[in-house]
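Okay, work10.txt now, which holds compact mmCIF, C-alpha atoms:
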```txt
# COMPACT_ATOMS: atom_id res chain seq x y z
CA MET A 19 -86.49 325.88 -23.86
CA PRO A 20 -88.84 328.49 -25.39
CA ASN A 21 -92.10 327.70 -27.18
CA ILE A 22 -91.93 326.60 -30.85
CA ARG A 23 -93.94 329.71 -31.71
CA VAL A 24 -91.38 331.85 -29.90
CA LEU A 25 -88.63 330.10 -31.87
CA ARG A 26 -90.43 330.83 -35.13
CA ASP A 27 -90.81 334.47 -34.09
CA MET A 28 -87.08 334.64 -33.29
CA LYS A 29 -86.37 333.21 -36.74
CA ALA A 30 -88.63 335.84 -38.32
CA ARG A 31 -86.88 338.64 -36.46
CA ARG A 32 -83.49 337.32 -37.54
CA GLY A 33 -84.69 337.18 -41.16
CA VAL A 34 -86.09 340.70 -41.01
CA LEU A 35 -82.80 342.02 -39.65
CA ASP A 36 -80.81 340.34 -42.41
CA ASN A 37 -83.05 341.38 -45.30
CA GLU A 38 -84.32 344.76 -44.23
CA VAL A 39 -81.97 346.81 -46.37
CA THR A 40 -82.62 344.82 -49.57
CA ARG A 41 -86.37 344.97 -48.97
CA ARG A 42 -86.21 348.73 -48.51
CA ALA A 43 -84.24 349.10 -51.74
CA TYR A 44 -86.79 347.06 -53.73
CA LEU A 45 -89.65 348.94 -52.08
CA TYR A 46 -88.10 352.24 -53.08
CA VAL A 47 -87.92 351.16 -56.72
CA ALA A 48 -91.40 349.63 -56.70
CA ARG A 49 -93.09 352.68 -55.16
CA ASN A 50 -91.24 355.33 -57.19
CA GLN A 51 -93.70 356.90 -59.63
CA SER A 52 -90.98 358.66 -61.57
CA LEU A 53 -89.46 355.37 -62.77
CA PRO A 54 -90.69 353.44 -65.84
CA PRO A 55 -93.49 350.94 -65.02
CA GLN A 56 -91.50 347.90 -66.25
CA VAL A 57 -88.74 348.57 -63.72
CA ARG A 58 -91.30 349.09 -60.97
CA HIS A 59 -93.07 345.86 -61.89
CA GLN A 60 -89.78 343.92 -61.83
CA ALA A 61 -89.00 345.28 -58.39
CA GLN A 62 -92.45 344.31 -57.14
CA LEU A 63 -92.00 340.75 -58.47
CA GLN A 64 -88.67 340.54 -56.67
CA LEU A 65 -90.38 341.70 -53.49
CA ASN A 66 -92.95 338.93 -53.87
CA THR A 67 -90.21 336.28 -53.89
CA PHE A 68 -89.12 337.10 -50.33
CA GLY A 69 -90.06 334.36 -47.88
CA ARG A 70 -92.26 334.76 -44.84
CA TYR A 71 -89.33 334.88 -42.41
CA THR A 72 -88.14 338.13 -44.02
CA ARG A 73 -91.30 340.21 -43.83
CA PRO A 74 -91.67 342.55 -40.85
CA THR A 75 -95.40 341.80 -40.68
CA THR A 76 -94.63 338.22 -39.57
CA VAL A 77 -92.98 339.47 -36.42
CA LYS A 78 -95.27 339.37 -33.38
CA ASN A 79 -94.50 340.34 -29.80
CA ARG A 80 -94.85 337.22 -27.67
CA CYS A 81 -94.85 336.70 -23.92
CA HIS A 82 -91.39 335.95 -22.57
CA GLU A 83 -92.67 333.50 -19.96
CA SER A 84 -95.49 331.63 -21.65
CA GLY A 85 -95.07 332.38 -25.36
CA ARG A 86 -98.65 333.63 -25.61
CA GLY A 87 -99.36 335.76 -28.68
CA ARG A 88 -102.37 337.70 -27.46
CA GLY A 89 -102.88 340.10 -24.58
CA ILE A 90 -99.24 341.19 -24.55
CA ILE A 91 -98.17 344.29 -22.66
CA SER A 92 -95.18 345.38 -24.76
CA GLU A 93 -93.48 347.37 -22.01
CA PHE A 94 -93.00 344.20 -19.95
CA ALA A 95 -93.09 341.69 -22.84
CA LEU A 96 -95.55 339.61 -20.80
CA CYS A 97 -99.02 338.33 -21.46
CA ARG A 98 -101.74 339.65 -19.14
CA PHE A 99 -101.78 336.65 -16.82
CA GLN A 100 -98.00 336.49 -16.40
CA PHE A 101 -98.02 340.24 -15.88
CA ARG A 102 -100.57 339.81 -13.10
CA LEU A 103 -98.60 337.01 -11.43
CA LYS A 104 -95.34 338.91 -11.47
CA ALA A 105 -96.87 342.22 -10.47
CA LEU A 106 -98.58 340.70 -7.44
CA ALA A 107 -95.34 338.98 -6.47
CA GLY A 108 -93.61 342.36 -6.66
CA GLU A 109 -91.18 341.35 -9.39
CA LEU A 110 -92.11 344.29 -11.64
CA ASN A 111 -90.53 347.60 -10.70
CA GLY A 112 -92.90 350.38 -9.85
CA VAL A 113 -96.05 348.39 -10.59
CA ARG A 114 -98.64 348.29 -7.86
CA LYS A 115 -102.38 347.80 -7.62
CA ALA A 116 -104.28 350.84 -8.84
CA SER A 117 -106.71 352.59 -6.58
CA TRP A 118 -107.85 356.14 -6.92
CA MET B 20 -101.70 394.90 -57.55
CA SER B 21 -100.59 392.37 -60.19
CA ALA B 22 -100.51 388.69 -59.13
CA VAL B 23 -97.13 386.93 -59.18
CA LEU B 24 -96.65 384.60 -62.12
CA PRO B 25 -96.62 380.88 -61.15
CA SER B 26 -93.37 380.48 -63.11
CA ARG B 27 -91.71 382.99 -60.80
CA ILE B 28 -93.02 381.16 -57.74
CA ALA B 29 -91.67 377.88 -59.16
CA LYS B 30 -88.27 379.52 -59.71
CA LEU B 31 -88.33 380.80 -56.16
CA ASN B 32 -89.13 377.32 -54.83
CA ARG B 33 -86.29 375.81 -56.84
CA LEU B 34 -83.89 378.41 -55.48
CA ARG B 35 -85.15 377.82 -51.94
CA CYS B 36 -84.56 374.06 -52.31
CA SER B 37 -81.07 374.56 -53.66
CA ILE B 38 -80.21 376.91 -50.78
CA PHE B 39 -81.58 374.68 -48.01
CA GLN B 40 -80.55 371.45 -49.79
CA THR B 41 -84.03 369.92 -49.84
CA ILE B 42 -85.51 367.91 -52.69
CA TYR B 43 -87.36 369.90 -55.34
CA ASN B 44 -90.64 368.12 -56.12
CA PRO B 45 -93.13 370.69 -57.49
CA THR B 46 -95.71 368.14 -58.71
CA GLY B 47 -95.58 366.26 -55.39
CA ILE B 48 -94.94 362.95 -57.18
CA ARG B 49 -94.29 359.92 -54.95
CA THR B 50 -90.61 359.08 -55.13
CA GLY B 51 -90.50 356.27 -52.57
CA ALA B 52 -87.98 358.28 -50.54
CA LYS B 53 -89.95 357.61 -47.36
CA TYR B 54 -88.84 353.98 -47.42
CA LEU B 55 -85.22 355.06 -47.53
CA ARG B 56 -85.65 357.84 -45.03
CA ALA B 57 -87.28 355.76 -42.28
CA ARG B 58 -85.01 354.28 -39.64
CA LEU B 59 -84.25 350.55 -39.67
CA ARG B 60 -86.39 348.46 -37.33
CA GLY B 61 -84.35 345.24 -37.44
CA PRO B 62 -81.99 345.85 -34.49
CA SER B 63 -84.78 346.90 -32.12
CA MET B 64 -86.76 343.80 -33.12
CA MET B 65 -83.79 341.59 -32.20
CA ASP B 66 -83.60 343.21 -28.76
CA TYR B 67 -87.07 341.98 -27.80
CA TYR B 68 -86.11 338.50 -26.66
CA PRO B 69 -83.36 338.19 -24.07
CA VAL B 70 -80.28 336.23 -25.10
CA GLU B 71 -80.55 332.74 -23.64
CA MET B 72 -77.23 331.14 -22.84
CA ASN B 73 -77.00 327.39 -22.74
CA LEU B 74 -74.21 324.85 -22.85
CA SER B 75 -74.39 324.12 -26.56
CA LYS B 76 -74.09 327.81 -27.44
CA ILE B 77 -71.06 328.20 -25.18
CA ALA B 78 -69.53 325.07 -26.68
CA ARG B 79 -69.98 326.45 -30.18
CA ARG B 80 -68.77 329.96 -29.47
CA TYR B 81 -65.71 329.12 -27.34
CA PRO B 82 -64.33 325.84 -28.67
CA GLU B 83 -61.07 326.38 -26.77
CA LEU B 84 -62.91 325.87 -23.48
CA GLU B 85 -63.76 322.28 -24.59
CA VAL B 86 -67.10 322.24 -22.82
CA THR B 87 -68.63 318.75 -22.76
CA ASP B 88 -72.42 318.48 -22.81
CA GLU B 89 -73.11 315.23 -20.95
CA ASP B 90 -76.84 315.16 -21.72
CA GLU B 91 -76.23 315.59 -25.44
CA GLU B 92 -73.51 312.90 -25.43
CA GLN B 93 -75.88 310.56 -23.55
CA ARG B 94 -78.62 311.25 -26.12
CA PHE B 95 -76.31 310.33 -29.00
CA GLN B 96 -75.24 307.20 -27.14
CA ASP B 97 -78.89 306.19 -26.60
CA ILE B 98 -79.63 306.63 -30.34
CA GLU B 99 -76.64 304.46 -31.23
CA ASP B 100 -77.79 301.75 -28.80
CA ARG B 101 -81.31 301.74 -30.26
CA LYS B 102 -79.93 301.49 -33.78
CA LYS B 103 -77.78 298.49 -32.75
CA ARG B 104 -80.88 296.79 -31.35
CA GLY B 105 -82.72 297.52 -34.58
CA LYS B 106 -85.02 300.07 -32.95
CA GLY B 107 -83.75 303.17 -34.76
CA ALA B 108 -86.06 305.75 -36.38
CA PRO B 109 -87.82 304.49 -39.56
CA LYS B 110 -86.83 305.86 -42.98
CA LYS B 111 -88.63 309.05 -43.96
CA ALA B 112 -91.37 308.58 -46.62
CA ARG B 113 -90.35 310.62 -49.65
CA THR B 114 -93.86 310.82 -51.14
CA LYS B 115 -97.34 310.73 -49.64
CA GLU B 116 -97.86 307.25 -51.22
CA GLU B 117 -94.93 305.74 -49.35
CA GLY B 118 -96.24 307.12 -46.07
CA ARG B 119 -99.70 305.67 -46.67
CA ARG B 120 -98.34 302.25 -47.64
CA SER B 121 -96.36 301.92 -44.42
CA GLN B 122 -99.51 302.78 -42.42
CA ARG B 123 -101.54 300.12 -44.27
CA ARG B 124 -99.00 297.33 -43.56
CA ARG B 125 -99.64 297.67 -39.83
```
Show this structure as structure tokens.
Amino acid sequence: MPNIRVLRDMKARRGVLDNEVTRRAYLYVARNQSLPPQVRHQAQLQLNTFGRYTRPTTVKNRCHESGRGRGIISEFALCRFQFRLKALAGELNGVRKASW
Amino acid sequence: MSAVLPSRIAKLNRLRCSIFQTIYNPTGIRTGAKYLRARLRGPSMMDYYPVEMNLSKIARRYPELEVTDEDEEQRFQDIEDRKKRGKGAPKKARTKEEGRRSQRRR
């Protein structure tokens, strides 16, 4: 059973996927300088009503194993400690101790 | 050598845009087209976490398989037993006042 924070992140990702197109549409209207300012303002107000589980900024890469939010290596989706454990155990393909 | 009139250059730009089917924006005003042009990031975000399969998901997705989750059934049974004994979960306090009052009684 994943971490509650991981569950919240999954929820955010789901929300972003569902609302991305509508958000883009509102953003287009709100940032278009050739439209009248009232229309732009209305679009911006609509954008403000979107909840936090729809904004792409809420999404954060978390560690798959531990659910840690910091020190994530995105390529492996692991935090630095889990990365170290797995790499030393040989579970990560092509990763070996550096020496040069 | 006479300099080319800016009106002629503008006409040339308009013609160029119509030929190559690009947008004609001589003043460089921000149209917000970049938000429409950019690719969608939602699907790649969903691919980050691997899909975790467990019994309840299978039970929901394939009801014809009639998968029985024994642990879940046992949990429901335990809750029913506790309720019969009078040990069920207390009623949720609707306001902060109700919550505080129940704490004080103890």
What are the nearest atom pairs, with distances in Å to one decimal, for all residues of chain A that come at most 6 Å from chain B, using only C-alpha atoms, set out by chain and rising residue number as CSV?
```
residue,atom,partner,partner_atom,distance
A:Leu35,CA,B:Gly61,CA,4.2
A:Arg42,CA,B:Tyr54,CA,6.0
A:Tyr46,CA,B:Gly51,CA,4.7
A:Arg49,CA,B:Gly51,CA,5.1
A:Asn50,CA,B:Thr50,CA,4.3
A:Gln51,CA,B:Arg49,CA,5.6
```
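Atom pair CA of Leu103 (chain A) / CA of Arg31 (chain A): separated by 27.7 Å.
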May I have the residues within 12 Å of Ala116 (chain A) as a PyMOL selection string, using all atoms listed in the file and disregarding those fewer than 3 positions away in the same chain?
-> chain A and resi 105-106+112-113
So which one's closest to Gly85 (chain A), A:Ala48, A:Gly33, A:Pro55, A:Arg23? Using all atoms listed in the file, please.
-> A:Arg23
Spatial neighbours of Thr72 (chain A), max dist 10 Å, all atoms listed in the file, sep filter under 3 positions, as a list in words = Lys29, Ala30, Arg31, Arg32, Gly33, Val34, Leu35, Asp36, Asn37, Glu38, Arg41, Phe68, Gly69, Thr75, Thr76 and Val77 of chain A
note - CA of Thr40 (chain A) and CA of Ala95 (chain A) are separated by 28.9 Å
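Computed from the coordinates, the CA of Gln100 (chain A) to CA of Asn79 (chain A) distance equals 14.4 Å.
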Would you pick out the contacts of Glu91 (chain B) at 10 Å or less, using all atoms listed in the file, so that residues sharing its chain but fewer than 6 positions from it are not included, and give the list as a PDB file with C-alpha atoms, keeping the file's coordinate frame?
```
ATOM      1  CA  LEU B  74     -74.210 324.850 -22.850  1.00  0.00           C
ATOM      2  CA  SER B  75     -74.390 324.120 -26.560  1.00  0.00           C
ATOM      3  CA  ASP B  97     -78.890 306.190 -26.600  1.00  0.00           C
TER       4      ASP B  97
END
```
